[in-house]
Every structure is written in C-alpha cells, then in structure tokens.
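Coordinates as given in final-v9.cif (mmCIF, C-alpha atoms):
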```
data_start
#
loop_
_atom_site.group_PDB
_atom_site.id
_atom_site.type_symbol
_atom_site.label_atom_id
_atom_site.label_comp_id
_atom_site.auth_asym_id
_atom_site.auth_seq_id
_atom_site.Cartn_x
_atom_site.Cartn_y
_atom_site.Cartn_z
ATOM 1 C CA MET H 1 15.046 26.774 35.397
ATOM 2 C CA ALA H 2 15.085 26.990 39.140
ATOM 3 C CA HIS H 3 18.292 28.996 39.529
ATOM 4 C CA LYS H 4 19.343 32.332 38.070
ATOM 5 C CA PRO H 5 23.083 32.363 37.410
ATOM 6 C CA ASP H 6 24.977 35.680 37.685
ATOM 7 C CA ARG H 7 27.053 34.964 34.593
ATOM 8 C CA PRO H 8 26.001 36.568 31.296
ATOM 9 C CA LEU H 9 23.516 34.419 29.407
ATOM 10 C CA SER H 10 23.482 33.755 25.693
ATOM 11 C CA PRO H 11 20.999 35.950 23.784
ATOM 12 C CA HIS H 12 17.822 33.964 23.417
ATOM 13 C CA LEU H 13 15.673 32.939 20.458
ATOM 14 C CA GLN H 14 13.628 36.125 20.243
ATOM 15 C CA VAL H 15 16.581 38.464 19.540
ATOM 16 C CA TRP H 16 17.543 36.700 16.300
ATOM 17 C CA LYS H 17 16.087 37.541 12.916
ATOM 18 C CA TRP H 18 14.351 34.427 11.672
ATOM 19 C CA GLY H 19 15.987 32.585 8.792
ATOM 20 C CA PRO H 20 15.494 29.328 6.855
ATOM 21 C CA HIS H 21 18.222 27.569 8.860
ATOM 22 C CA MET H 22 16.273 28.167 12.090
ATOM 23 C CA LEU H 23 13.047 27.064 10.443
ATOM 24 C CA VAL H 24 14.453 23.720 9.258
ATOM 25 C CA SER H 25 16.039 23.151 12.646
ATOM 26 C CA ILE H 26 12.773 23.413 14.548
ATOM 27 C CA LEU H 27 10.801 21.688 11.775
ATOM 28 C CA HIS H 28 13.222 18.754 11.983
ATOM 29 C CA ARG H 29 12.445 18.364 15.663
ATOM 30 C CA MET H 30 8.693 18.887 15.278
ATOM 31 C CA THR H 31 8.352 16.428 12.398
ATOM 32 C CA GLY H 32 10.606 13.959 14.220
ATOM 33 C CA VAL H 33 8.529 14.051 17.394
ATOM 34 C CA GLY H 34 5.309 14.004 15.346
ATOM 35 C CA MET H 35 6.298 10.951 13.353
ATOM 36 C CA ALA H 36 7.698 9.204 16.439
ATOM 37 C CA ILE H 37 4.216 9.400 17.955
ATOM 38 C CA VAL H 38 1.797 9.311 15.006
ATOM 39 C CA ALA H 39 3.629 7.325 12.302
ATOM 40 C CA ALA H 40 5.317 4.861 14.665
ATOM 41 C CA GLY H 41 2.054 4.481 16.592
ATOM 42 C CA LEU H 42 0.096 3.728 13.421
ATOM 43 C CA PHE H 43 2.837 1.325 12.269
ATOM 44 C CA VAL H 44 2.614 -0.721 15.473
ATOM 45 C CA TRP H 45 -1.184 -0.580 15.484
ATOM 46 C CA TRP H 46 -1.308 -1.752 11.853
ATOM 47 C CA LEU H 47 1.052 -4.702 12.498
ATOM 48 C CA LEU H 48 -0.739 -5.653 15.714
ATOM 49 C CA ALA H 49 -4.088 -5.600 13.886
ATOM 50 C CA LEU H 50 -2.677 -7.778 11.090
ATOM 51 C CA ALA H 51 -1.256 -10.246 13.618
ATOM 52 C CA SER H 52 -4.558 -10.343 15.526
ATOM 53 C CA GLY H 53 -6.594 -11.544 12.545
ATOM 54 C CA PRO H 54 -8.932 -10.344 9.785
ATOM 55 C CA GLU H 55 -11.541 -8.749 12.098
ATOM 56 C CA ALA H 56 -8.959 -6.634 13.925
ATOM 57 C CA TYR H 57 -7.436 -5.604 10.611
ATOM 58 C CA GLU H 58 -10.843 -4.598 9.230
ATOM 59 C CA ALA H 59 -11.460 -2.489 12.354
ATOM 60 C CA PHE H 60 -8.131 -0.741 11.735
ATOM 61 C CA ARG H 61 -8.988 -0.148 8.074
ATOM 62 C CA ASP H 62 -12.420 1.203 8.970
ATOM 63 C CA LEU H 63 -10.767 4.054 10.876
ATOM 64 C CA LEU H 64 -9.071 5.288 7.723
ATOM 65 C CA THR H 65 -11.467 4.317 4.939
ATOM 66 C CA VAL H 66 -15.083 4.637 3.885
ATOM 67 C CA GLU H 67 -17.334 1.698 2.950
ATOM 68 C CA SER H 68 -16.024 1.484 -0.637
ATOM 69 C CA GLY H 69 -12.425 1.135 0.564
ATOM 70 C CA ALA H 70 -11.391 4.684 -0.392
ATOM 71 C CA VAL H 71 -9.659 6.771 2.277
ATOM 72 C CA ASN H 72 -11.843 8.920 4.518
ATOM 73 C CA ILE H 73 -11.018 12.371 5.864
ATOM 74 C CA VAL H 74 -8.908 10.981 8.721
ATOM 75 C CA GLY H 75 -6.916 8.867 6.284
ATOM 76 C CA ALA H 76 -6.492 11.804 3.901
ATOM 77 C CA VAL H 77 -5.245 14.150 6.647
ATOM 78 C CA LEU H 78 -2.838 11.459 7.869
ATOM 79 C CA ILE H 79 -1.502 10.801 4.364
ATOM 80 C CA ALA H 80 -0.944 14.495 3.590
ATOM 81 C CA GLY H 81 0.425 15.333 7.055
ATOM 82 C CA LEU H 82 2.739 12.348 7.269
ATOM 83 C CA ALA H 83 3.948 12.874 3.697
ATOM 84 C CA TRP H 84 4.957 16.439 4.551
ATOM 85 C CA ALA H 85 6.547 15.407 7.861
ATOM 86 C CA PHE H 86 8.375 12.525 6.190
ATOM 87 C CA PHE H 87 9.829 14.565 3.321
ATOM 88 C CA THR H 88 10.784 17.463 5.616
ATOM 89 C CA HIS H 89 12.599 15.171 8.048
ATOM 90 C CA PHE H 90 14.087 13.081 5.211
ATOM 91 C CA PHE H 91 15.451 16.016 3.183
ATOM 92 C CA ASN H 92 16.687 17.822 6.271
ATOM 93 C CA GLY H 93 18.237 14.606 7.564
ATOM 94 C CA ILE H 94 20.246 14.411 4.349
ATOM 95 C CA ARG H 95 21.163 18.093 4.838
ATOM 96 C CA HIS H 96 22.446 17.190 8.318
ATOM 97 C CA LEU H 97 24.531 14.311 6.959
ATOM 98 C CA VAL H 98 26.097 16.725 4.442
ATOM 99 C CA LEU H 99 26.742 19.313 7.173
ATOM 100 C CA ASP H 100 28.373 16.549 9.243
ATOM 101 C CA THR H 101 31.085 16.290 6.592
ATOM 102 C CA GLY H 102 31.939 19.948 7.227
ATOM 103 C CA ALA H 103 30.403 21.177 3.967
ATOM 104 C CA GLY H 104 27.677 23.755 3.414
ATOM 105 C CA TYR H 105 28.342 26.268 6.199
ATOM 106 C CA GLU H 106 28.900 29.279 3.915
ATOM 107 C CA LEU H 107 26.057 31.726 4.627
ATOM 108 C CA LYS H 108 24.491 31.730 1.180
ATOM 109 C CA ILE H 109 24.861 27.997 0.596
ATOM 110 C CA ASN H 110 23.496 27.224 4.055
ATOM 111 C CA LYS H 111 20.472 29.456 3.532
ATOM 112 C CA GLY H 112 19.823 28.066 0.048
ATOM 113 C CA PHE H 113 20.126 24.454 1.214
ATOM 114 C CA ALA H 114 17.661 25.101 4.039
ATOM 115 C CA LEU H 115 15.195 26.730 1.624
ATOM 116 C CA VAL H 116 15.503 23.804 -0.788
ATOM 117 C CA VAL H 117 14.636 21.449 2.091
ATOM 118 C CA VAL H 118 11.521 23.398 3.131
ATOM 119 C CA ILE H 119 10.204 23.985 -0.390
ATOM 120 C CA GLY H 120 11.245 20.598 -1.739
ATOM 121 C CA ALA H 121 9.399 18.836 1.074
ATOM 122 C CA ILE H 122 6.200 20.802 0.410
ATOM 123 C CA VAL H 123 6.391 20.063 -3.324
ATOM 124 C CA ALA H 124 7.137 16.347 -2.785
ATOM 125 C CA ALA H 125 4.389 15.997 -0.169
ATOM 126 C CA LEU H 126 1.854 17.764 -2.415
ATOM 127 C CA ALA H 127 2.795 15.571 -5.373
ATOM 128 C CA LEU H 128 2.536 12.328 -3.395
ATOM 129 C CA SER H 129 -0.692 13.373 -1.650
ATOM 130 C CA LEU H 130 -2.369 14.477 -4.880
ATOM 131 C CA TRP H 131 -1.342 11.251 -6.569
ATOM 132 C CA LEU H 132 -2.682 9.100 -3.718
ATOM 133 C CA LEU H 133 -5.754 11.192 -2.971
ATOM 134 C CA TRP H 134 -6.713 12.206 -6.509
ATOM 135 C CA GLU H 135 -9.926 10.187 -6.597
ATOM 136 C CA PRO H 136 -11.263 11.212 -3.165
ATOM 137 C CA ILE H 137 -10.455 14.867 -3.919
ATOM 138 C CA MET H 138 -12.163 14.696 -7.312
ATOM 139 C CA GLY H 139 -15.109 13.041 -5.594
ATOM 140 C CA LEU H 140 -15.389 16.011 -3.245
ATOM 141 C CA VAL H 141 -14.843 18.644 -5.938
ATOM 142 C CA GLY H 142 -17.095 17.044 -8.514
ATOM 143 C CA GLY H 143 -19.564 15.725 -5.949
ATOM 144 C CA ALA H 144 -22.343 17.935 -7.269
ATOM 145 C CA GLY H 145 -21.724 17.176 -10.947
ATOM 146 C CA MET V 1 42.882 24.845 26.003
ATOM 147 C CA ARG V 2 43.094 21.186 26.923
ATOM 148 C CA ALA V 3 40.414 19.865 29.229
ATOM 149 C CA GLY V 4 40.949 16.886 31.488
ATOM 150 C CA THR V 5 43.869 14.485 31.636
ATOM 151 C CA GLU V 6 45.958 13.115 28.791
ATOM 152 C CA LEU V 7 44.442 9.669 29.317
ATOM 153 C CA GLY V 8 40.975 11.184 29.223
ATOM 154 C CA ARG V 9 41.720 12.885 25.930
ATOM 155 C CA VAL V 10 43.055 9.668 24.441
ATOM 156 C CA ARG V 11 39.944 7.789 25.497
ATOM 157 C CA GLY V 12 37.791 10.594 24.091
ATOM 158 C CA LEU V 13 34.770 9.649 26.162
ATOM 159 C CA GLY V 14 34.058 13.026 27.796
ATOM 160 C CA SER V 15 32.250 13.609 31.075
ATOM 161 C CA ALA V 16 29.267 11.462 30.136
ATOM 162 C CA ARG V 17 31.575 8.472 29.461
ATOM 163 C CA ALA V 18 29.858 7.882 26.137
ATOM 164 C CA GLY V 19 31.956 9.947 23.722
ATOM 165 C CA THR V 20 30.424 10.175 20.250
ATOM 166 C CA HIS V 21 28.466 6.940 20.670
ATOM 167 C CA HIS V 22 25.005 8.592 20.711
ATOM 168 C CA TRP V 23 25.882 10.935 17.840
ATOM 169 C CA TRP V 24 27.252 8.108 15.722
ATOM 170 C CA LEU V 25 24.282 5.785 16.292
ATOM 171 C CA GLN V 26 21.913 8.620 15.389
ATOM 172 C CA ARG V 27 23.710 8.938 12.031
ATOM 173 C CA LEU V 28 23.989 5.186 11.509
ATOM 174 C CA THR V 29 20.266 4.670 12.088
ATOM 175 C CA ALA V 30 19.538 7.728 9.898
ATOM 176 C CA ALA V 31 21.420 6.126 7.010
ATOM 177 C CA GLY V 32 19.584 2.857 7.662
ATOM 178 C CA ASN V 33 16.281 4.718 7.657
ATOM 179 C CA VAL V 34 17.019 6.245 4.256
ATOM 180 C CA LEU V 35 17.161 2.737 2.766
ATOM 181 C CA LEU V 36 14.555 0.964 4.874
ATOM 182 C CA VAL V 37 11.831 3.616 5.030
ATOM 183 C CA VAL V 38 12.065 4.356 1.294
ATOM 184 C CA TRP V 39 11.825 0.610 0.622
ATOM 185 C CA PHE V 40 8.846 0.321 3.006
ATOM 186 C CA VAL V 41 6.879 3.248 1.561
ATOM 187 C CA ALA V 42 7.576 2.180 -2.035
ATOM 188 C CA SER V 43 6.569 -1.429 -1.258
ATOM 189 C CA LEU V 44 3.336 -0.342 0.424
ATOM 190 C CA LEU V 45 2.419 1.841 -2.532
ATOM 191 C CA ARG V 46 3.122 -1.022 -4.953
ATOM 192 C CA LEU V 47 0.809 -3.509 -3.203
ATOM 193 C CA PRO V 48 -2.107 -4.391 -5.495
ATOM 194 C CA SER V 49 -4.620 -3.968 -2.646
ATOM 195 C CA TYR V 50 -4.713 -3.624 1.134
ATOM 196 C CA ASP V 51 -6.884 -6.673 1.775
ATOM 197 C CA TYR V 52 -5.917 -8.854 4.727
ATOM 198 C CA GLU V 53 -4.698 -11.766 2.571
ATOM 199 C CA VAL V 54 -2.635 -9.532 0.308
ATOM 200 C CA VAL V 55 -0.877 -7.693 3.137
ATOM 201 C CA THR V 56 -0.218 -10.800 5.273
ATOM 202 C CA GLY V 57 0.943 -12.662 2.160
ATOM 203 C CA TRP V 58 3.417 -9.892 1.423
ATOM 204 C CA LEU V 59 4.600 -9.796 5.061
ATOM 205 C CA SER V 60 5.214 -13.538 5.206
ATOM 206 C CA SER V 61 7.758 -13.543 2.420
ATOM 207 C CA PRO V 62 11.149 -14.101 4.147
ATOM 208 C CA LEU V 63 12.968 -11.094 2.707
ATOM 209 C CA VAL V 64 10.065 -8.784 3.461
ATOM 210 C CA ALA V 65 9.794 -10.091 7.032
ATOM 211 C CA VAL V 66 13.515 -9.586 7.658
ATOM 212 C CA ALA V 67 13.476 -6.093 6.131
ATOM 213 C CA MET V 68 10.445 -5.245 8.299
ATOM 214 C CA LEU V 69 12.291 -6.443 11.429
ATOM 215 C CA LEU V 70 15.327 -4.314 10.515
ATOM 216 C CA LEU V 71 13.051 -1.363 9.763
ATOM 217 C CA THR V 72 11.313 -1.693 13.140
ATOM 218 C CA VAL V 73 14.516 -1.857 15.170
ATOM 219 C CA ASN V 74 16.137 0.928 13.153
ATOM 220 C CA VAL V 75 13.170 3.311 13.325
ATOM 221 C CA PHE V 76 12.528 2.806 17.037
ATOM 222 C CA TRP V 77 16.213 3.119 17.872
ATOM 223 C CA HIS V 78 16.430 6.345 15.834
ATOM 224 C CA LEU V 79 13.327 7.872 17.427
ATOM 225 C CA ARG V 80 14.501 6.901 20.897
ATOM 226 C CA LEU V 81 17.836 8.673 20.348
ATOM 227 C CA GLY V 82 16.176 11.697 18.733
ATOM 228 C CA LEU V 83 13.442 12.244 21.313
ATOM 229 C CA GLN V 84 16.024 11.833 24.081
ATOM 230 C CA ILE V 85 17.833 14.906 22.715
ATOM 231 C CA VAL V 86 14.581 16.866 22.443
ATOM 232 C CA ILE V 87 13.639 16.013 26.032
ATOM 233 C CA GLU V 88 17.108 16.859 27.344
ATOM 234 C CA ASP V 89 17.089 20.185 25.484
ATOM 235 C CA TYR V 90 13.679 21.446 26.560
ATOM 236 C CA VAL V 91 12.806 19.811 29.884
ATOM 237 C CA HIS V 92 14.890 21.385 32.632
ATOM 238 C CA ASN V 93 13.094 20.068 35.676
ATOM 239 C CA GLU V 94 15.147 17.056 36.721
ATOM 240 C CA ALA V 95 12.226 14.924 37.881
ATOM 241 C CA SER V 96 10.147 15.584 34.746
ATOM 242 C CA LYS V 97 13.160 14.945 32.548
ATOM 243 C CA ILE V 98 13.944 11.573 34.099
ATOM 244 C CA GLY V 99 10.259 10.644 34.084
ATOM 245 C CA LEU V 100 9.952 11.469 30.378
ATOM 246 C CA LEU V 101 13.163 9.617 29.526
ATOM 247 C CA VAL V 102 11.830 6.528 31.311
ATOM 248 C CA LEU V 103 8.519 6.833 29.427
ATOM 249 C CA LEU V 104 10.405 7.272 26.147
ATOM 250 C CA ASN V 105 12.373 4.080 26.753
ATOM 251 C CA PHE V 106 9.216 2.162 27.644
ATOM 252 C CA TYR V 107 7.477 3.504 24.527
ATOM 253 C CA ALA V 108 10.351 2.745 22.138
ATOM 254 C CA ILE V 109 11.138 -0.724 23.477
ATOM 255 C CA GLY V 110 7.489 -1.653 24.004
ATOM 256 C CA GLY V 111 6.414 -0.436 20.564
ATOM 257 C CA ALA V 112 9.293 -2.203 18.852
ATOM 258 C CA ALA V 113 8.540 -5.425 20.767
ATOM 259 C CA ILE V 114 4.883 -5.426 19.678
ATOM 260 C CA ALA V 115 5.872 -4.752 16.066
ATOM 261 C CA VAL V 116 8.602 -7.429 16.045
ATOM 262 C CA PHE V 117 6.324 -10.060 17.579
ATOM 263 C CA SER V 118 3.538 -9.200 15.131
ATOM 264 C CA ILE V 119 5.848 -9.480 12.114
ATOM 265 C CA LEU V 120 7.184 -12.838 13.343
ATOM 266 C CA LYS V 121 3.707 -14.165 14.067
ATOM 267 C CA ILE V 122 2.478 -13.258 10.580
ATOM 268 C CA ALA V 123 5.628 -14.648 8.964
ATOM 269 C CA PHE V 124 5.649 -17.943 10.883
ATOM 270 C CA SER V 125 1.937 -18.651 10.821
ATOM 271 C CA GLY V 126 2.122 -18.782 7.041
ATOM 272 C CA ALA V 127 0.603 -16.710 4.321
ATOM 273 C CA ALA V 128 -3.013 -17.166 3.457
ATOM 274 C CA SER V 129 -2.183 -16.514 -0.176
#
```

Have the structure of the file written as structure tokens, please.
Amino acid sequence: MAHKPDRPLSPHLQVWKWGPHMLVSILHRMTGVGMAIVAAGLFVWWLLALASGPEAYEAFRDLLTVESGAVNIVGAVLIAGLAWAFFTHFFNGIRHLVLDTGAGYELKINKGFALVVVIGAIVAALALSLWLLWEPIMGLVGGAG
Amino acid sequence: MRAGTELGRVRGLGSARAGTHHWWLQRLTAAGNVLLVVWFVASLLRLPSYDYEVVTGWLSSPLVAVAMLLLTVNVFWHLRLGLQIVIEDYVHNEASKIGLLVLLNFYAIGGAAIAVFSILKIAFSGAAS
C-alpha cells in the first residue's frame, strides 16, 4: 500500500500459529482461482472444439491422449490436479454453507471440520484419479513386465 | 453503535449500495454448482466413449443442452464473483485492481458466451447419432 497509517494495524499472517482453518481458507481461494482458469478454460475449449467440427475436436483430444485413446501425462496431471481442486473447493464450499447458518464455530468442531475437508478431498481425489487412471498407471508400472 | 441514518439502516444497502447482494449470489450459485457440476462430472464419466459423435449426440439432447447452459452461466457467474473478492483482497494498487476487474469481467462474460454459443450450435445443428 502506498500510505502508512499512524493507527495500530492488525497483527499480520506471520504472527499466527498455522491451523487447519487457515489452510482451508487459502486452499479454497487457490483451488477456486485455479479452477476458474484451468477447468473453465478447458471447458470452453472443449465445447468450442466440439462446435467447430470433428477435426478441431480430434486436435483437442490429441492434447490429452496418446494414439490409442488413453490419457497421456498432461491428461493424467489435469485429471488428478482438477480432482483434488474440485473436491477441496466442493467440500470446503459445503463447510462455508454450514458456517453461514451460524453453526460450527466452536474451536474443536471448527478445527475438526477443516481437517475433514482437507483429508476428505485428498482421499476422494486419490480414489477418483486411481479409478480413472488405473490402466495408464499400471501400464507405466508394469511397462517392463 | 448505529451507523448511518435510520432510512439507511432500513434499506440495509451499506456504503457500496449493494447490501448482501454479492454475498447472496455467491451462495446461490454455489448451491447451483453443487447440483450442476456433480451432474456434469457424473454424466461425463458415464459416457460410453469420448468420440465426436457420442459427445455431440449427448450434448444435443434437449435436457442435456439446457443443463449445460445453466451450468455454464452458473459456473461463470460464481467464478466472476469469487475472483472479484480475491482481486479486491490482494490487489491494493487502484489502477491494477480496476484493470484486473475489467479483465475478469471480459474473461467471465466472453468465456460464457463462447460456451453458450457452442452448446446451442451443437444442439440445433442436430446430433450425428
């Protein structure tokens, strides 16, 4: 900021001991901004390619898949990353809707709820990614055998 | 402890003249997203393949096309409201802030327009299937 006010300023981020509630707060913003750019961008690109005809759609698919039609490394990273971002933002969004009712502000409940969001999103994203990417992963792992 | 005039408090619009409008729309679109995005992801995963004919055939079914239009408007509205808050919280230089807010509006409205037109074009030009 350009000006330095004489009034006392609120203690800033670095003086607080980190907790799950702070983690979900910043993760909510990061995953929101990330999906607004990456997921929404891909969504528009995908629809535009479909509307532009089969060749454009194939060009879009080629970015994310190998010759056989299985996802490539870019597709795999996008699936895993977007799954994690989606579940984090989704679970924490539900947490926010609950907090909006005035519930869940007790210290222990608030901390537990935030932890459930962080861990639940990782578990859900891992489960969905493994399910979707099982064959490509097995191909990599068992590539030699 | 009361701020402003009695009339101002009755109107409840605050200094920005918008009251809880932004807050409420953020929640409304969040609730819409819960339904629409879950439907969208589940539907995508249930498609038998991602060939051009299959995907355009799916998109040209009336209910799917309408749900996709609602999804597009809802998602882009939600991200526009959300990123506005992020920009306002972290960008303190007035010129950069206004510049980014203008870009955000162009991005959200432009992106939604491309998506809406694409959905309509696929839906109206008929399924190949």

_the PyMOL selection byres ((chain V) within 10 of (chain H)) resolved against shown file, as JSON, numbers by chain_ = {"V": [27, 30, 31, 33, 34, 37, 38, 45, 49, 50, 51, 52, 53, 55, 56, 59, 72, 75, 76, 78, 79, 80, 82, 83, 85, 86, 91, 92, 93, 94, 107, 108, 110, 111, 112, 113, 114, 115, 116, 117, 118, 119, 120, 121, 122, 123, 125]}

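For the pair CA of Leu71 (chain V) and CA of Leu78 (chain H), the interatomic distance is 20.5 Å.
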
What does the PyMOL selection byres ((chain H and resi 115) around 12) select in this file, as a compact mmCIF listing (two decimals) with C-alpha atoms, in the coordinates of the input?
```txt
# COMPACT_ATOMS: atom_id res chain seq x y z
CA GLY H 19 15.99 32.58 8.79
CA PRO H 20 15.49 29.33 6.86
CA HIS H 21 18.22 27.57 8.86
CA MET H 22 16.27 28.17 12.09
CA LEU H 23 13.05 27.06 10.44
CA VAL H 24 14.45 23.72 9.26
CA SER H 25 16.04 23.15 12.65
CA THR H 88 10.78 17.46 5.62
CA PHE H 91 15.45 16.02 3.18
CA ASN H 92 16.69 17.82 6.27
CA ARG H 95 21.16 18.09 4.84
CA LYS H 108 24.49 31.73 1.18
CA ILE H 109 24.86 28.00 0.60
CA ASN H 110 23.50 27.22 4.06
CA LYS H 111 20.47 29.46 3.53
CA GLY H 112 19.82 28.07 0.05
CA PHE H 113 20.13 24.45 1.21
CA ALA H 114 17.66 25.10 4.04
CA VAL H 116 15.50 23.80 -0.79
CA VAL H 117 14.64 21.45 2.09
CA VAL H 118 11.52 23.40 3.13
CA ILE H 119 10.20 23.98 -0.39
CA GLY H 120 11.24 20.60 -1.74
CA ALA H 121 9.40 18.84 1.07
CA ILE H 122 6.20 20.80 0.41
```

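Straight-line separation from CA of Leu69 (chain V) to CA of Trp131 (chain H): 28.7 Å.
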
Would you compute an axis-aligned box for region 112-124 of chain H, covering every atom listed for it in the file with 3 Å of margin on each side, and report centre and edge lengths in Å to one decimal as lines of an AutoDock Vina configuration file?
```
center_x = 13.2
center_y = 22.2
center_z = 0.4
size_x = 19.9
size_y = 17.7
size_z = 13.4
```

Complete region 111-139 of chain H at the level of N, CA and C atoms, written as a PDB file, in the coordinates of the input.
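part23.pdb, written as the output of this step:
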```
ATOM      1  N   LYS H 111      21.833  28.931   3.652  1.00  0.00           N
ATOM      2  CA  LYS H 111      20.472  29.456   3.532  1.00  0.00           C
ATOM      3  C   LYS H 111      19.735  28.791   2.369  1.00  0.00           C
ATOM      4  N   GLY H 112      20.438  28.677   1.225  1.00  0.00           N
ATOM      5  CA  GLY H 112      19.823  28.066   0.048  1.00  0.00           C
ATOM      6  C   GLY H 112      19.454  26.615   0.289  1.00  0.00           C
ATOM      7  N   PHE H 113      20.348  25.873   0.919  1.00  0.00           N
ATOM      8  CA  PHE H 113      20.126  24.454   1.214  1.00  0.00           C
ATOM      9  C   PHE H 113      18.892  24.300   2.105  1.00  0.00           C
ATOM     10  N   ALA H 114      18.797  25.178   3.124  1.00  0.00           N
ATOM     11  CA  ALA H 114      17.661  25.101   4.039  1.00  0.00           C
ATOM     12  C   ALA H 114      16.355  25.399   3.296  1.00  0.00           C
ATOM     13  N   LEU H 115      16.402  26.390   2.391  1.00  0.00           N
ATOM     14  CA  LEU H 115      15.195  26.730   1.624  1.00  0.00           C
ATOM     15  C   LEU H 115      14.783  25.583   0.710  1.00  0.00           C
ATOM     16  N   VAL H 116      15.795  24.940   0.081  1.00  0.00           N
ATOM     17  CA  VAL H 116      15.503  23.804  -0.788  1.00  0.00           C
ATOM     18  C   VAL H 116      14.799  22.698   0.004  1.00  0.00           C
ATOM     19  N   VAL H 117      15.248  22.473   1.245  1.00  0.00           N
ATOM     20  CA  VAL H 117      14.636  21.449   2.091  1.00  0.00           C
ATOM     21  C   VAL H 117      13.164  21.778   2.353  1.00  0.00           C
ATOM     22  N   VAL H 118      12.896  23.018   2.767  1.00  0.00           N
ATOM     23  CA  VAL H 118      11.521  23.398   3.131  1.00  0.00           C
ATOM     24  C   VAL H 118      10.603  23.325   1.912  1.00  0.00           C
ATOM     25  N   ILE H 119      11.055  23.930   0.798  1.00  0.00           N
ATOM     26  CA  ILE H 119      10.204  23.985  -0.390  1.00  0.00           C
ATOM     27  C   ILE H 119      10.107  22.618  -1.056  1.00  0.00           C
ATOM     28  N   GLY H 120      11.243  21.925  -1.135  1.00  0.00           N
ATOM     29  CA  GLY H 120      11.245  20.598  -1.739  1.00  0.00           C
ATOM     30  C   GLY H 120      10.304  19.644  -1.022  1.00  0.00           C
ATOM     31  N   ALA H 121      10.262  19.729   0.313  1.00  0.00           N
ATOM     32  CA  ALA H 121       9.399  18.836   1.074  1.00  0.00           C
ATOM     33  C   ALA H 121       7.929  19.140   0.808  1.00  0.00           C
ATOM     34  N   ILE H 122       7.595  20.434   0.685  1.00  0.00           N
ATOM     35  CA  ILE H 122       6.200  20.802   0.410  1.00  0.00           C
ATOM     36  C   ILE H 122       5.802  20.307  -0.979  1.00  0.00           C
ATOM     37  N   VAL H 123       6.688  20.497  -1.956  1.00  0.00           N
ATOM     38  CA  VAL H 123       6.391  20.063  -3.324  1.00  0.00           C
ATOM     39  C   VAL H 123       6.240  18.539  -3.373  1.00  0.00           C
ATOM     40  N   ALA H 124       7.185  17.813  -2.758  1.00  0.00           N
ATOM     41  CA  ALA H 124       7.137  16.347  -2.785  1.00  0.00           C
ATOM     42  C   ALA H 124       5.887  15.828  -2.070  1.00  0.00           C
ATOM     43  N   ALA H 125       5.557  16.450  -0.932  1.00  0.00           N
ATOM     44  CA  ALA H 125       4.389  15.997  -0.169  1.00  0.00           C
ATOM     45  C   ALA H 125       3.107  16.270  -0.948  1.00  0.00           C
ATOM     46  N   LEU H 126       3.029  17.440  -1.608  1.00  0.00           N
ATOM     47  CA  LEU H 126       1.854  17.764  -2.415  1.00  0.00           C
ATOM     48  C   LEU H 126       1.710  16.770  -3.559  1.00  0.00           C
ATOM     49  N   ALA H 127       2.832  16.486  -4.234  1.00  0.00           N
ATOM     50  CA  ALA H 127       2.795  15.571  -5.373  1.00  0.00           C
ATOM     51  C   ALA H 127       2.323  14.190  -4.933  1.00  0.00           C
ATOM     52  N   LEU H 128       2.916  13.666  -3.848  1.00  0.00           N
ATOM     53  CA  LEU H 128       2.536  12.328  -3.395  1.00  0.00           C
ATOM     54  C   LEU H 128       1.079  12.307  -2.918  1.00  0.00           C
ATOM     55  N   SER H 129       0.677  13.333  -2.178  1.00  0.00           N
ATOM     56  CA  SER H 129      -0.692  13.373  -1.650  1.00  0.00           C
ATOM     57  C   SER H 129      -1.705  13.466  -2.781  1.00  0.00           C
ATOM     58  N   LEU H 130      -1.427  14.326  -3.764  1.00  0.00           N
ATOM     59  CA  LEU H 130      -2.369  14.477  -4.880  1.00  0.00           C
ATOM     60  C   LEU H 130      -2.482  13.174  -5.655  1.00  0.00           C
ATOM     61  N   TRP H 131      -1.331  12.520  -5.838  1.00  0.00           N
ATOM     62  CA  TRP H 131      -1.342  11.251  -6.569  1.00  0.00           C
ATOM     63  C   TRP H 131      -2.185  10.204  -5.824  1.00  0.00           C
ATOM     64  N   LEU H 132      -1.976  10.110  -4.506  1.00  0.00           N
ATOM     65  CA  LEU H 132      -2.682   9.100  -3.718  1.00  0.00           C
ATOM     66  C   LEU H 132      -4.140   9.464  -3.494  1.00  0.00           C
ATOM     67  N   LEU H 133      -4.413  10.758  -3.381  1.00  0.00           N
ATOM     68  CA  LEU H 133      -5.754  11.192  -2.971  1.00  0.00           C
ATOM     69  C   LEU H 133      -6.550  11.777  -4.129  1.00  0.00           C
ATOM     70  N   TRP H 134      -6.073  11.574  -5.359  1.00  0.00           N
ATOM     71  CA  TRP H 134      -6.713  12.206  -6.509  1.00  0.00           C
ATOM     72  C   TRP H 134      -8.197  11.870  -6.583  1.00  0.00           C
ATOM     73  N   GLU H 135      -8.523  10.581  -6.446  1.00  0.00           N
ATOM     74  CA  GLU H 135      -9.926  10.187  -6.597  1.00  0.00           C
ATOM     75  C   GLU H 135     -10.819  10.731  -5.489  1.00  0.00           C
ATOM     76  N   PRO H 136     -10.425  10.602  -4.209  1.00  0.00           N
ATOM     77  CA  PRO H 136     -11.263  11.212  -3.165  1.00  0.00           C
ATOM     78  C   PRO H 136     -11.428  12.724  -3.332  1.00  0.00           C
ATOM     79  N   ILE H 137     -10.360  13.416  -3.747  1.00  0.00           N
ATOM     80  CA  ILE H 137     -10.455  14.867  -3.919  1.00  0.00           C
ATOM     81  C   ILE H 137     -11.414  15.193  -5.065  1.00  0.00           C
ATOM     82  N   MET H 138     -11.267  14.472  -6.174  1.00  0.00           N
ATOM     83  CA  MET H 138     -12.163  14.696  -7.312  1.00  0.00           C
ATOM     84  C   MET H 138     -13.606  14.388  -6.929  1.00  0.00           C
ATOM     85  N   GLY H 139     -13.761  13.383  -6.070  1.00  0.00           N
ATOM     86  CA  GLY H 139     -15.109  13.041  -5.594  1.00  0.00           C
ATOM     87  C   GLY H 139     -15.728  14.203  -4.842  1.00  0.00           C
TER      88      GLY H 139
END
```
